[in-house]
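Visitor: Before I ask anything, here is the structure I am working with.
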Amino acid sequence: RCAGHNKWSKIGKDKGIADQKQAGRINVILTQIKTAVRDGGADQKLNHHLATVFETGSKMKIEKAVMEGAVKKAVESPSIDHILEGRSPLGFAVVIHISAETNLVPMVYNHMNRGMKRLCVDLNPGTSLFAFEKKVFVTVPKVATIPDDLDALAIECGAEDWREKVDDEGHTVIKLICDEMEVHPVKQALKEMNIAYTFTDTVYLPKGECVDIEEKDNAEVEALFEYLDDHEDVVTYFTNITGHEP
């Protein structure tokens with residue numbers, strides 16, 4: 001794992017709901033709804049991820065009608081995902097997951113390309129994915145029924161590793177790390193252990209050493225994070241900056 005200080009943990013990672021203005025928070029939820037519908041359908045009873053997003057949106061006092069409108073739009077105008085790669089002259093790489101309607105993808109890419117250039121980040125294929133490993137987080141709430149020995153839990157359910165995090169609602173969760181091909185066996189093992197998972201998400205974990213950012217460059221990096229956090233077509237993003245790992 002990349003070691004580092006916790007400065008970047010306070011920046012809006014994974015769309016940082018808790019750190020955004022209300023307008024940005026609404027965009028985050030609507031984007032997550034779009035992705036959840038695409039991946040699992042529009043029925044909350046059958047799509048746990050969508051139900052979780054709705055629950056989060058309700059706690060943020062987002063009107064139910066607004067969220068239902070996002071579901072309807074996602075069904076009527078399906079979106080597709082793209083992974084964009086970028087590299088900064090400060091030495092770090094960034095992987096950006098965007099989701100947009102098929103006919104709008106070129107416009108979204110051009111808009112992002114201009115915006116990233118203003119922030120001194122070049123978007124070009126082949127410039128950053130090699131610096132990351134693609135993994136999946138299976139998120140489990142840390143409740144009384146979770147074993148104290150999390151290493152043993154990870155081994156027993158077939159995960160490679162685990163991380164303990166605090167989610168956007170302030171709850172402690174365990175993120176079990178596995179390859180894409182191992183997601184189903186891990187979820188099945190959790191089910192057999194009577195441990196509920198909330199959702200799974202694909203992440204890009206840095207390989208090797210992360211990049212340290214000098215104090216004089218903090219404002220530039222924070223401006224990049226703010227841009228990505230506020231962009232309505234960005235689902236999430238990853239960098240290999242020290243302390244900014246998922």
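Every chain in the structure tokens has a letter given in the order shown (A, B, ...), and although residue numbers restart at 1 in each chain, ligands are simply numbered from 1 in the order shown.
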Env of A:Asn27: 9 Å cut, atoms = only C-alpha atoms, seq-sep filter 5 positions within chain, self excluded. Answer as a list in words.
Guide: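 Contacts, with the query itself left out: Gln22, Gln32, Asp230, His231, Glu232 and Asp233 of chain A.
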Visitor: Using N, CA, C and O atoms, can you write the selected residues to a file as a PDB file, in the first residue's frame?
Guide:
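And here is the file that came out, again_34.pdb:
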ATOM      1  N   GLN A  22     -23.896  21.604  -2.184  1.00  0.00           N
ATOM      2  CA  GLN A  22     -25.107  20.821  -2.405  1.00  0.00           C
ATOM      3  C   GLN A  22     -25.337  20.529  -3.885  1.00  0.00           C
ATOM      4  O   GLN A  22     -25.737  19.407  -4.240  1.00  0.00           O
ATOM      5  N   GLN A  32     -24.278   8.512  -9.963  1.00  0.00           N
ATOM      6  CA  GLN A  32     -24.240   7.168  -9.396  1.00  0.00           C
ATOM      7  C   GLN A  32     -25.515   6.396  -9.731  1.00  0.00           C
ATOM      8  O   GLN A  32     -25.468   5.181  -9.950  1.00  0.00           O
ATOM      9  N   ASP A 230     -16.411  18.037  -9.412  1.00  0.00           N
ATOM     10  CA  ASP A 230     -17.587  18.806  -9.828  1.00  0.00           C
ATOM     11  C   ASP A 230     -18.096  18.426 -11.217  1.00  0.00           C
ATOM     12  O   ASP A 230     -19.184  18.855 -11.612  1.00  0.00           O
ATOM     13  N   HIS A 231     -17.309  17.643 -11.975  1.00  0.00           N
ATOM     14  CA  HIS A 231     -17.708  17.315 -13.348  1.00  0.00           C
ATOM     15  C   HIS A 231     -18.817  16.270 -13.329  1.00  0.00           C
ATOM     16  O   HIS A 231     -18.652  15.174 -12.809  1.00  0.00           O
ATOM     17  N   GLU A 232     -19.965  16.596 -13.925  1.00  0.00           N
ATOM     18  CA  GLU A 232     -21.135  15.737 -13.828  1.00  0.00           C
ATOM     19  C   GLU A 232     -20.981  14.401 -14.544  1.00  0.00           C
ATOM     20  O   GLU A 232     -21.739  13.452 -14.266  1.00  0.00           O
ATOM     21  N   ASP A 233     -20.023  14.278 -15.466  1.00  0.00           N
ATOM     22  CA  ASP A 233     -19.853  13.023 -16.198  1.00  0.00           C
ATOM     23  C   ASP A 233     -18.771  12.132 -15.598  1.00  0.00           C
ATOM     24  O   ASP A 233     -18.570  11.011 -16.071  1.00  0.00           O
TER      25      ASP A 233
END
Visitor: Excluding same-chain residues fewer than 4 positions from A:Pro141, what lies within 8 Å of it counting only C-alpha atoms, as a list in words?
Guide: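 The contact residues come out as His171, Thr172, Val173, Ile174, Ala196, Tyr197 and Thr198 of chain A.
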Visitor: Which one of A:Ala159, A:Leu205, A:Met67, A:Cys210 sits closest to A:Pro185 if you count only C-alpha atoms?
Guide: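 Comparing A:Ala159, A:Leu205, A:Met67, A:Cys210 against A:Pro185, the winner is A:Ala159.
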Visitor: Give me the residues of stretch 164-217 of chain A that have any atom at most 8 Å from an atom of stretch 111-133 of chain A; for each, the nearest atom pair and the distance in Å, rounded to one decimal. Use only C-alpha atoms, sort by chain and number, and format it as a Markdown table.
Guide:
| residue | atom | partner | partner_atom | distance |
| --- | --- | --- | --- | --- |
| A:Tyr204 | CA | A:Glu133 | CA | 5.4 |
| A:Leu205 | CA | A:Glu133 | CA | 5.1 |
| A:Pro206 | CA | A:Phe132 | CA | 4.3 |
| A:Lys207 | CA | A:Phe132 | CA | 5.1 |
| A:Gly208 | CA | A:Ala131 | CA | 8.0 |
Visitor: What is the distance between atom CA of A:Ile80 and atom CA of A:Lys165, in Å to one decimal?
Guide: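 Calculated distance between atom CA of A:Ile80 and atom CA of A:Lys165 is 29.0 Å.
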Visitor: Give me the residues within 12 Å of A:Asp81 as a list in words, counting only C-alpha atoms and dropping any in the same chain fewer than 3 places off.
Guide: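 Once the adjacent positions are removed, what remains is Thr31, Lys34, Thr35, Arg38, Asp39, Pro78, Leu84, Ile96, His97, Ile98, Ser99, Ala100, Glu101, Thr102, Leu104, Val105, Val108, Tyr109, Asp233, Val234, Val235 and Thr236 of chain A.
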Visitor: Taking into account only C-alpha atoms, which residue in the set A:Ile62, A:Ile33, A:Ala154, A:Val28 is nearest to A:His48?
Guide: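 Closest to A:His48, using only C-alpha atoms: A:Ile33.
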Visitor: From the set A:Gly91, A:Pro106, A:Pro246, A:Gly86, which residue has the shortest atom-to-atom contact distance to A:Glu164, counting only C-alpha atoms?
Guide: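 Among A:Gly91, A:Pro106, A:Pro246, A:Gly86, it is A:Pro246 that comes nearest to A:Glu164.
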Visitor: Of the candidates A:Asn194, A:Thr56, A:Gln44, A:Asn240, which one gets nearest to A:Pro147 if we count only C-alpha atoms?
Guide: A:Asn194
Visitor: For stretch 138-140 of chain A, please output as an NGL selection string all residues within 9 Å (counting only C-alpha atoms; exclusion window: fewer than 5 positions along the same chain).
Guide: :A and (146 or 173-178 or 183 or 186-187 or 195-201)
Visitor: Stretch 23-219 of chain A: which residues are strand (DSSP E) by DSSP, as a PyMOL selection string?
Guide: chain A and resi 79-87+93-101+122-123+132-141+161-166+172-178+199-206
